>>> print(open('final.cif').read())   # mmCIF, C-alpha atoms
data_protein
#
loop_
_atom_site.label_atom_id
_atom_site.label_comp_id
_atom_site.auth_asym_id
_atom_site.auth_seq_id
_atom_site.Cartn_x
_atom_site.Cartn_y
_atom_site.Cartn_z
CA VAL A 1 10.90 -7.06 2.86
CA ASP A 2 8.97 -7.94 6.03
CA ALA A 3 10.55 -4.98 7.84
CA GLY A 4 7.85 -4.61 10.45
CA GLY A 5 7.24 -8.27 11.17
CA ASP A 6 9.01 -8.47 14.53
CA ALA A 7 7.47 -5.23 15.79
CA TYR A 8 4.03 -6.37 14.67
CA ARG A 9 4.27 -9.73 16.39
CA SER A 10 5.44 -8.19 19.67
CA ALA A 11 2.88 -5.35 19.74
CA ARG A 12 -0.37 -5.32 21.72
CA ASP A 13 -3.39 -6.91 20.08
CA PHE A 14 -6.18 -4.61 18.97
CA VAL A 15 -9.30 -6.43 20.17
CA LEU A 16 -12.72 -5.28 19.00
CA ASN A 17 -15.76 -6.90 20.61
CA GLY A 18 -13.71 -9.95 21.55
CA GLU A 19 -11.98 -10.38 18.18
CA ALA A 20 -8.27 -9.65 17.61
CA LEU A 21 -8.11 -7.54 14.46
CA GLY A 22 -4.76 -5.76 14.52
CA LYS A 23 -1.70 -4.67 16.47
CA VAL A 24 -0.95 -1.43 18.31
CA LEU A 25 2.53 -0.04 18.91
CA PRO A 26 3.37 1.48 22.33
CA ARG A 27 3.08 5.16 21.31
CA ALA A 28 -0.31 4.57 19.71
CA ALA A 29 -1.49 2.60 22.75
CA ASP A 30 -0.56 5.49 25.03
CA ALA A 31 -2.45 7.94 22.81
CA LEU A 32 -5.52 5.70 22.74
CA ARG A 33 -5.53 5.09 26.51
CA PRO A 34 -8.15 7.81 27.28
CA PHE A 35 -10.59 6.23 24.82
CA LEU A 36 -9.96 2.46 24.84
CA THR A 37 -8.97 -0.09 27.47
CA VAL A 38 -5.20 -0.58 27.40
CA THR A 39 -3.47 -3.45 29.21
CA ASP A 40 -0.01 -4.96 28.88
CA ASP A 41 -1.26 -7.32 26.18
CA ALA A 42 -4.10 -5.60 24.36
CA VAL A 43 -5.92 -2.44 23.35
CA THR A 44 -9.60 -3.29 23.66
CA LEU A 45 -12.89 -1.77 22.58
CA ASN A 46 -16.32 -3.23 23.32
CA ALA A 47 -19.05 -1.18 21.70
CA LYS A 48 -22.42 -1.63 20.00
CA ASP A 49 -21.33 0.92 17.38
CA PRO A 50 -17.53 0.56 17.14
CA SER A 51 -17.30 2.84 14.11
CA ALA A 52 -18.84 5.70 16.09
CA ALA A 53 -16.67 5.00 19.14
CA LEU A 54 -13.49 4.97 17.08
CA LYS A 55 -14.54 8.10 15.22
CA GLU A 56 -14.96 9.91 18.52
CA ALA A 57 -11.48 8.83 19.61
CA PHE A 58 -9.77 9.75 16.35
CA ASP A 59 -11.60 13.07 16.05
CA ALA A 60 -10.37 14.00 19.53
CA LEU A 61 -6.81 12.92 18.77
CA ARG A 62 -6.87 14.88 15.54
CA GLU A 63 -8.03 17.95 17.41
CA GLN A 64 -5.12 17.55 19.84
CA ASP A 65 -2.68 17.38 16.89
CA ALA A 66 -0.57 14.90 18.82
CA ILE A 67 -0.24 12.21 16.13
CA PRO A 68 1.56 13.21 12.93
CA MET A 69 -0.28 10.85 10.57
CA LEU A 70 -3.65 12.38 11.47
CA ARG A 71 -2.56 15.60 9.75
CA GLY A 72 -3.00 13.66 6.51
CA TRP A 73 -6.76 13.20 7.12
CA ARG A 74 -8.39 12.03 3.88
CA ASP A 75 -12.11 11.62 4.65
CA GLU A 76 -11.84 8.13 3.13
CA PRO A 77 -13.49 5.10 4.78
CA PHE A 78 -11.27 2.18 5.75
CA ALA A 79 -12.69 -1.21 6.71
CA ILE A 80 -11.39 -2.91 9.84
CA ARG A 81 -11.70 -6.64 9.02
CA PRO A 82 -9.83 -9.88 9.68
CA SER A 83 -9.47 -10.73 5.97
CA PHE A 84 -10.28 -9.20 2.60
CA ALA A 85 -13.47 -11.21 2.08
CA ALA A 86 -14.77 -10.74 5.63
CA PRO A 87 -17.43 -8.16 6.49
CA ALA A 88 -16.15 -4.95 8.06
CA ARG A 89 -16.19 -5.00 11.85
CA ALA A 90 -15.86 -1.21 11.86
CA VAL A 91 -15.19 1.60 9.41
CA VAL A 92 -12.70 4.32 10.31
CA GLU A 93 -10.86 7.23 8.70
CA ARG A 94 -8.11 5.89 6.44
CA ALA A 95 -5.42 8.16 7.88
CA ALA A 96 -6.12 6.82 11.39
CA ALA A 97 -6.45 3.13 10.51
CA PRO A 98 -2.70 2.30 10.69
CA LEU A 99 -2.76 3.10 14.42
CA LEU A 100 -4.82 -0.07 14.90
CA GLY A 101 -2.56 -2.26 12.75
CA ALA A 102 -5.48 -3.87 10.89
CA PRO A 103 -4.83 -5.58 7.54
CA ALA A 104 -4.72 -3.12 4.64
CA TYR A 105 -5.13 -3.69 0.93
CA GLY A 106 -3.99 -1.78 -2.14
CA VAL A 107 -3.84 -1.94 -5.93
CA PHE A 108 -0.81 -1.31 -8.16
CA CYS A 109 -0.59 -1.09 -11.95
CA THR A 110 2.62 -1.70 -13.87
CA ALA A 111 2.24 -0.20 -17.36
CA TYR A 112 4.78 -1.44 -19.89
CA VAL A 113 5.66 -1.09 -23.56
CA PRO A 114 6.28 -4.50 -25.21
CA ASP A 115 8.97 -5.43 -27.71
CA ALA A 116 8.21 -7.29 -30.95
CA SER A 117 7.82 -10.58 -29.05
CA GLY A 118 5.37 -9.10 -26.54
CA ALA A 119 7.86 -9.11 -23.66
CA PRO A 120 8.27 -5.92 -21.57
CA ALA A 121 10.84 -3.55 -23.08
CA GLU A 122 10.07 -0.35 -21.17
CA VAL A 123 8.13 0.50 -18.01
CA TRP A 124 6.31 3.68 -17.02
CA LEU A 125 6.92 5.10 -13.54
CA GLY A 126 5.23 7.92 -11.66
CA ARG A 127 6.69 10.39 -9.20
CA ARG A 128 4.41 11.14 -6.27
CA SER A 129 3.35 14.71 -5.69
CA LYS A 130 5.41 16.57 -3.13
CA SER A 131 2.14 17.53 -1.43
CA LYS A 132 1.20 13.90 -0.65
CA PRO A 133 0.93 13.23 3.11
CA THR A 134 2.83 9.95 2.73
CA TRP A 135 6.06 9.31 0.82
CA PRO A 136 6.02 12.66 -1.05
CA GLY A 137 8.22 13.03 -4.13
CA LEU A 138 9.19 9.35 -4.34
CA LEU A 139 8.99 7.06 -7.37
CA ASP A 140 5.91 4.87 -7.63
CA SER A 141 3.94 2.77 -10.11
CA VAL A 142 2.10 4.53 -12.91
CA ALA A 143 -1.06 4.24 -10.78
CA ALA A 144 -1.71 2.86 -7.31
CA GLY A 145 -3.94 3.34 -4.32
CA GLY A 146 -5.37 1.90 -1.13
CA LEU A 147 -8.68 0.07 -1.16
CA ALA A 148 -11.42 2.01 0.62
CA ALA A 149 -14.22 0.23 2.46
CA GLY A 150 -16.49 -1.52 -0.04
CA GLU A 151 -14.12 -1.24 -3.01
CA LEU A 152 -13.15 -4.21 -5.17
CA PRO A 153 -9.64 -4.48 -6.66
CA ARG A 154 -10.37 -4.32 -10.39
CA ASP A 155 -12.77 -1.38 -10.16
CA ALA A 156 -10.44 0.48 -7.81
CA MET A 157 -7.45 -0.14 -10.10
CA ALA A 158 -9.31 1.10 -13.16
CA ALA A 159 -10.38 4.24 -11.28
CA GLU A 160 -6.83 4.94 -10.09
CA CYS A 161 -5.51 4.52 -13.64
CA MET A 162 -7.99 7.04 -15.01
CA GLU A 163 -7.66 9.50 -12.12
CA GLU A 164 -3.89 9.43 -11.67
CA ALA A 165 -2.59 8.73 -15.17
CA GLY A 166 -5.38 9.58 -17.62
CA VAL A 167 -5.69 6.01 -18.93
CA SER A 168 -8.58 5.74 -21.37
CA GLU A 169 -11.42 3.25 -20.97
CA ASP A 170 -10.37 1.58 -24.24
CA LEU A 171 -6.86 0.98 -22.95
CA LEU A 172 -8.23 -0.32 -19.65
CA HIS A 173 -9.76 -3.30 -21.47
CA GLY A 174 -6.22 -4.71 -21.30
CA LEU A 175 -5.85 -4.26 -17.53
CA LYS A 176 -4.85 -7.71 -16.31
CA PRO A 177 -4.81 -9.05 -12.73
CA VAL A 178 -1.54 -10.89 -12.20
CA GLY A 179 -1.45 -11.78 -8.50
CA ALA A 180 -0.61 -10.16 -5.19
CA VAL A 181 2.35 -9.44 -2.92
CA SER A 182 2.27 -9.09 0.86
CA TYR A 183 4.46 -7.81 3.67
CA THR A 184 4.35 -6.28 7.15
CA GLY A 185 5.58 -2.72 7.12
CA PHE A 186 5.91 0.41 9.20
CA HIS A 187 3.95 3.54 8.46
CA GLN A 188 6.01 6.55 7.39
CA ASP A 189 5.66 7.64 11.05
CA ARG A 190 7.24 4.37 12.07
CA ASP A 191 7.03 4.84 15.85
CA TRP A 192 3.25 5.03 15.59
CA ALA A 193 2.06 2.22 13.34
CA VAL A 194 2.89 -1.12 11.72
CA LYS A 195 0.47 -3.21 9.67
CA PRO A 196 0.15 -6.13 7.24
CA ASP A 197 -0.35 -5.02 3.63
CA THR A 198 -1.57 -7.05 0.67
CA LEU A 199 -1.19 -5.44 -2.75
CA PHE A 200 -3.23 -6.63 -5.72
CA CYS A 201 -1.02 -6.37 -8.81
CA PHE A 202 -2.13 -5.55 -12.35
CA ASP A 203 -0.25 -5.34 -15.65
CA LEU A 204 -1.23 -2.99 -18.47
CA VAL A 205 0.31 -3.22 -21.94
CA VAL A 206 0.50 0.24 -23.55
CA PRO A 207 1.53 1.29 -27.07
CA HIS A 208 4.88 2.94 -27.76
CA ASP A 209 3.25 6.25 -28.67
CA TRP A 210 1.16 6.46 -25.48
CA ALA A 211 2.09 8.55 -22.44
CA PRO A 212 0.31 8.96 -19.09
CA THR A 213 -1.02 12.35 -18.09
CA PRO A 214 -1.28 13.66 -14.50
CA VAL A 215 -4.98 14.28 -13.80
CA ASP A 216 -5.80 14.55 -10.09
CA GLY A 217 -2.47 15.86 -8.81
CA GLU A 218 -1.54 12.66 -6.95
CA VAL A 219 1.38 12.16 -9.36
CA GLU A 220 3.48 15.12 -10.43
CA SER A 221 5.28 13.54 -13.40
CA PHE A 222 5.92 10.30 -15.29
CA GLU A 223 8.95 8.75 -16.95
CA ARG A 224 9.54 5.74 -19.18
CA ILE A 225 12.63 3.61 -18.66
CA THR A 226 13.98 0.36 -20.05
CA VAL A 227 13.62 -2.86 -18.08
CA ASP A 228 17.42 -3.00 -17.69
CA GLU A 229 17.39 0.53 -16.24
CA LEU A 230 14.56 -0.47 -13.92
CA VAL A 231 16.67 -3.31 -12.50
CA ASP A 232 19.65 -1.01 -12.06
CA ARG A 233 17.66 1.72 -10.31
CA LEU A 234 15.87 -0.70 -7.99
CA VAL A 235 19.26 -1.97 -6.83
CA ARG A 236 21.11 1.35 -6.82
CA ASP A 237 18.55 3.94 -5.72
CA ASP A 238 16.72 2.30 -2.84
CA ASP A 239 15.85 5.62 -1.16
CA ALA A 240 14.27 7.01 -4.34
CA TRP A 241 11.29 4.64 -4.24
CA LYS A 242 8.12 4.49 -2.21
CA PRO A 243 8.97 1.43 -0.07
CA ASN A 244 6.30 -1.00 -1.25
CA VAL A 245 6.58 -0.32 -5.00
CA GLY A 246 9.92 -2.10 -5.06
CA LEU A 247 8.09 -5.28 -4.05
CA VAL A 248 5.54 -4.84 -6.86
CA LEU A 249 8.19 -4.17 -9.51
CA THR A 250 10.39 -7.04 -8.34
CA ASP A 251 7.38 -9.34 -8.69
CA PHE A 252 6.87 -7.92 -12.21
CA LEU A 253 10.49 -8.74 -13.10
CA VAL A 254 10.16 -12.28 -11.73
CA ARG A 255 6.92 -12.94 -13.61
CA HIS A 256 8.40 -11.76 -16.89
CA GLY A 257 11.56 -13.85 -16.60
CA HIS A 258 14.10 -11.21 -15.65
CA VAL A 259 15.27 -13.12 -12.58
CA ARG A 260 17.12 -16.40 -13.21
CA ALA A 261 15.54 -19.48 -11.66
CA ASP A 262 19.06 -20.95 -11.40
CA ASP A 263 20.07 -18.26 -8.93
CA GLY A 264 20.70 -19.73 -5.48
CA GLU A 265 18.48 -17.09 -3.83
CA TYR A 266 15.59 -17.38 -6.29
CA LEU A 267 13.25 -19.25 -3.96
CA ASP A 268 14.12 -16.92 -1.08
CA LEU A 269 13.04 -14.02 -3.28
CA ILE A 270 9.79 -15.74 -4.27
CA ARG A 271 8.98 -16.36 -0.61
CA ALA A 272 9.89 -12.79 0.38
CA LEU A 273 7.41 -11.35 -2.12
CA ARG A 274 4.58 -12.88 -0.07
CA ASN A 275 6.18 -12.79 3.34
CA GLY A 276 3.23 -11.12 5.04
CA ARG A 277 -0.22 -12.52 5.68
CA CYS A 278 -2.07 -12.79 2.36
CA LYS A 279 -5.74 -13.36 3.13
#
>>> encode(input="final.cif", output="structure tokens")
Amino acid sequence: VDAGGDAYRSARDFVLNGEALGKVLPRAADALRPFLTVTDDAVTLNAKDPSAALKEAFDALREQDAIPMLRGWRDEPFAIRPSFAAPARAVVERAAAPLLGAPAYGVFCTAYVPDASGAPAEVWLGRRSKSKPTWPGLLDSVAAGGLAAGELPRDAMAAECMEEAGVSEDLLHGLKPVGAVSYTGFHQDRDWAVKPDTLFCFDLVVPHDWAPTPVDGEVESFERITVDELVDRLVRDDDAWKPNVGLVLTDFLVRHGHVRADDGEYLDLIRALRNGRCK
């Protein structure tokens, strides 16, 4: 689960105006060397306007087309900050932010159809568009997204549900925050970036006759499967899933009693679901 933990801990610190805010892998450090101060231990920037200085660096690197992830430029602001509640120390392009290894935050919605007792019977999944710059064509939650600078989890989750799956405002009254999971993971371009992620999780109960509708093109299709099939596919088809959605759905199964507390590895699983920094 914490696949990038060792690489993150051994990477250079990203230090902004005297404050360590992330980690930089060797390839990223080499690319940033013309713009930032790079030593054996740290990649450092001291600037009155760090957002402008980082923009200049990333704009130049994008123009050089030397870093694959910058081809997925989104024009979305990402806050560089030491924790979720802390003020942003700088704001950068979201596609470039992983290079600095700063903490990132996202929102994930698990939409499920209940049985007569109210327990989950079926779960809706989405398949990411093949045109997505990251993890194209893989299975995902019904709606999910990264938190842009200034966004709050509930508002961002509601917006993603409407934009990606056509969830109505009436149905969103039932959107329920249920916790968070955390891990340290590699970017899809794993030689370039590793970062700590915290994912805010939400449940949404939907009626049996409801179906999500692709709206903004982020998701190309949806499917509804039973909870038993979900367990089987998570175990059997590891390569079919966007990496972090397995963590979210495993947490969903634990919360709804589909993992036995008597299992000898139960507590290991609980710990693994929040193995990264969660702050």
>>> resolve_selection(input="final.cif", expression="the PyMOL selection byres ((chain A and resi 128-133) around 6)", output="JSON, numbers by chain")
{"A": [72, 127, 134, 136, 137, 138, 218, 219, 220]}
>>> write_last_selection(input="final.cif", atoms="C-alpha atoms", output="PDB file, in the coordinates of the input")
ATOM      1  CA  GLY A  72      -3.000  13.660   6.510  1.00  0.00           C
ATOM      2  CA  ARG A 127       6.690  10.390  -9.200  1.00  0.00           C
ATOM      3  CA  THR A 134       2.830   9.950   2.730  1.00  0.00           C
ATOM      4  CA  PRO A 136       6.020  12.660  -1.050  1.00  0.00           C
ATOM      5  CA  GLY A 137       8.220  13.030  -4.130  1.00  0.00           C
ATOM      6  CA  LEU A 138       9.190   9.350  -4.340  1.00  0.00           C
ATOM      7  CA  GLU A 218      -1.540  12.660  -6.950  1.00  0.00           C
ATOM      8  CA  VAL A 219       1.380  12.160  -9.360  1.00  0.00           C
ATOM      9  CA  GLU A 220       3.480  15.120 -10.430  1.00  0.00           C
TER      10      GLU A 220
END
>>> resolve_selection(input="final.cif", expression="the PyMOL selection byres ((chain A and resi 273) around 7)", output="ChimeraX atom specification")
/A:181-182,247,251,269-272,274-275
>>> residues_near_point(input="final.cif", point="(-2.1, 13.1, 17.4)", cutoff="12 Å", atoms="all atoms listed in the file", output="list in words")
Arg27, Ala28, Ala29, Asp30, Ala31, Leu32, Ala57, Phe58, Asp59, Ala60, Leu61, Arg62, Glu63, Gln64, Asp65, Ala66, Ile67, Pro68, Met69, Leu70, Arg71, Gly72, Trp73, Ala95, Ala96, Leu99, Asp189 and Trp192 of chain A
>>> resolve_selection(input="final.cif", expression="the PyMOL selection byres ((chain A and resi 203) around 10)", output="list in words")
Phe108, Cys109, Thr110, Ala111, Tyr112, Gly174, Leu175, Lys176, Pro177, Val178, Gly179, Cys201, Phe202, Leu204, Val205, Val206 and Phe252 of chain A
>>> residues_around(input="final.cif", residues="range 36-41 of chain A", least_positions_apart="6", cutoff="10 Å", atoms="all atoms listed in the file", output="number ranges by chain")
A: 10-15, 24, 26, 29-30, 53-54, 57
>>> atom_distance(input="final.cif", atom1="CA of Leu199 in chain A", atom2="CA of Leu147 in chain A")
9.4 Å
>>> decode(input="final.cif", residues="range 220-236 of chain A", atoms="N, CA, C and O atoms", output="mmCIF file, in the first residue's frame")
data_model
loop_
_atom_site.group_PDB
_atom_site.id
_atom_site.type_symbol
_atom_site.label_atom_id
_atom_site.label_comp_id
_atom_site.auth_asym_id
_atom_site.auth_seq_id
_atom_site.Cartn_x
_atom_site.Cartn_y
_atom_site.Cartn_z
ATOM 1 N N GLU A 220 -15.483 7.219 -19.187
ATOM 2 C CA GLU A 220 -16.072 6.818 -20.465
ATOM 3 C C GLU A 220 -17.277 5.898 -20.304
ATOM 4 O O GLU A 220 -18.133 5.839 -21.178
ATOM 5 N N SER A 221 -17.359 5.170 -19.169
ATOM 6 C CA SER A 221 -18.501 4.285 -18.963
ATOM 7 C C SER A 221 -18.599 3.916 -17.488
ATOM 8 O O SER A 221 -17.658 4.141 -16.710
ATOM 9 N N PHE A 222 -19.751 3.356 -17.113
ATOM 10 C CA PHE A 222 -19.985 2.925 -15.738
ATOM 11 C C PHE A 222 -20.517 1.492 -15.753
ATOM 12 O O PHE A 222 -21.125 1.045 -16.725
ATOM 13 N N GLU A 223 -20.288 0.791 -14.642
ATOM 14 C CA GLU A 223 -20.884 -0.531 -14.475
ATOM 15 C C GLU A 223 -21.240 -0.740 -13.015
ATOM 16 O O GLU A 223 -20.613 -0.175 -12.115
ATOM 17 N N ARG A 224 -22.274 -1.567 -12.799
ATOM 18 C CA ARG A 224 -22.729 -1.882 -11.444
ATOM 19 C C ARG A 224 -22.456 -3.353 -11.170
ATOM 20 O O ARG A 224 -22.835 -4.217 -11.971
ATOM 21 N N ILE A 225 -21.791 -3.629 -10.062
ATOM 22 C CA ILE A 225 -21.447 -5.007 -9.730
ATOM 23 C C ILE A 225 -21.845 -5.293 -8.286
ATOM 24 O O ILE A 225 -22.006 -4.381 -7.468
ATOM 25 N N THR A 226 -21.990 -6.567 -7.964
ATOM 26 C CA THR A 226 -22.310 -6.945 -6.590
ATOM 27 C C THR A 226 -21.085 -6.755 -5.703
ATOM 28 O O THR A 226 -19.940 -6.708 -6.189
ATOM 29 N N VAL A 227 -21.328 -6.681 -4.406
ATOM 30 C CA VAL A 227 -20.214 -6.533 -3.459
ATOM 31 C C VAL A 227 -19.308 -7.756 -3.525
ATOM 32 O O VAL A 227 -18.073 -7.637 -3.461
ATOM 33 N N ASP A 228 -19.894 -8.953 -3.672
ATOM 34 C CA ASP A 228 -19.064 -10.162 -3.788
ATOM 35 C C ASP A 228 -18.173 -10.093 -5.027
ATOM 36 O O ASP A 228 -17.004 -10.486 -4.981
ATOM 37 N N GLU A 229 -18.715 -9.593 -6.141
ATOM 38 C CA GLU A 229 -17.911 -9.464 -7.350
ATOM 39 C C GLU A 229 -16.824 -8.413 -7.163
ATOM 40 O O GLU A 229 -15.706 -8.556 -7.677
ATOM 41 N N LEU A 230 -17.131 -7.358 -6.425
ATOM 42 C CA LEU A 230 -16.134 -6.333 -6.139
ATOM 43 C C LEU A 230 -14.944 -6.938 -5.411
ATOM 44 O O LEU A 230 -13.783 -6.695 -5.780
ATOM 45 N N VAL A 231 -15.204 -7.745 -4.389
ATOM 46 C CA VAL A 231 -14.125 -8.391 -3.640
ATOM 47 C C VAL A 231 -13.294 -9.254 -4.570
ATOM 48 O O VAL A 231 -12.053 -9.196 -4.570
ATOM 49 N N ASP A 232 -13.970 -10.053 -5.390
ATOM 50 C CA ASP A 232 -13.264 -10.957 -6.297
ATOM 51 C C ASP A 232 -12.384 -10.194 -7.282
ATOM 52 O O ASP A 232 -11.226 -10.550 -7.511
ATOM 53 N N ARG A 233 -12.907 -9.112 -7.838
ATOM 54 C CA ARG A 233 -12.153 -8.375 -8.857
ATOM 55 C C ARG A 233 -11.005 -7.581 -8.240
ATOM 56 O O ARG A 233 -9.956 -7.408 -8.878
ATOM 57 N N LEU A 234 -11.181 -7.093 -7.025
ATOM 58 C CA LEU A 234 -10.064 -6.404 -6.365
ATOM 59 C C LEU A 234 -8.893 -7.354 -6.145
ATOM 60 O O LEU A 234 -7.727 -6.971 -6.285
ATOM 61 N N VAL A 235 -9.212 -8.601 -5.813
ATOM 62 C CA VAL A 235 -8.166 -9.596 -5.561
ATOM 63 C C VAL A 235 -7.566 -10.118 -6.861
ATOM 64 O O VAL A 235 -6.353 -10.271 -6.996
ATOM 65 N N ARG A 236 -8.430 -10.338 -7.845
ATOM 66 C CA ARG A 236 -8.018 -11.046 -9.066
ATOM 67 C C ARG A 236 -7.450 -10.128 -10.136
ATOM 68 O O ARG A 236 -6.540 -10.513 -10.880
#
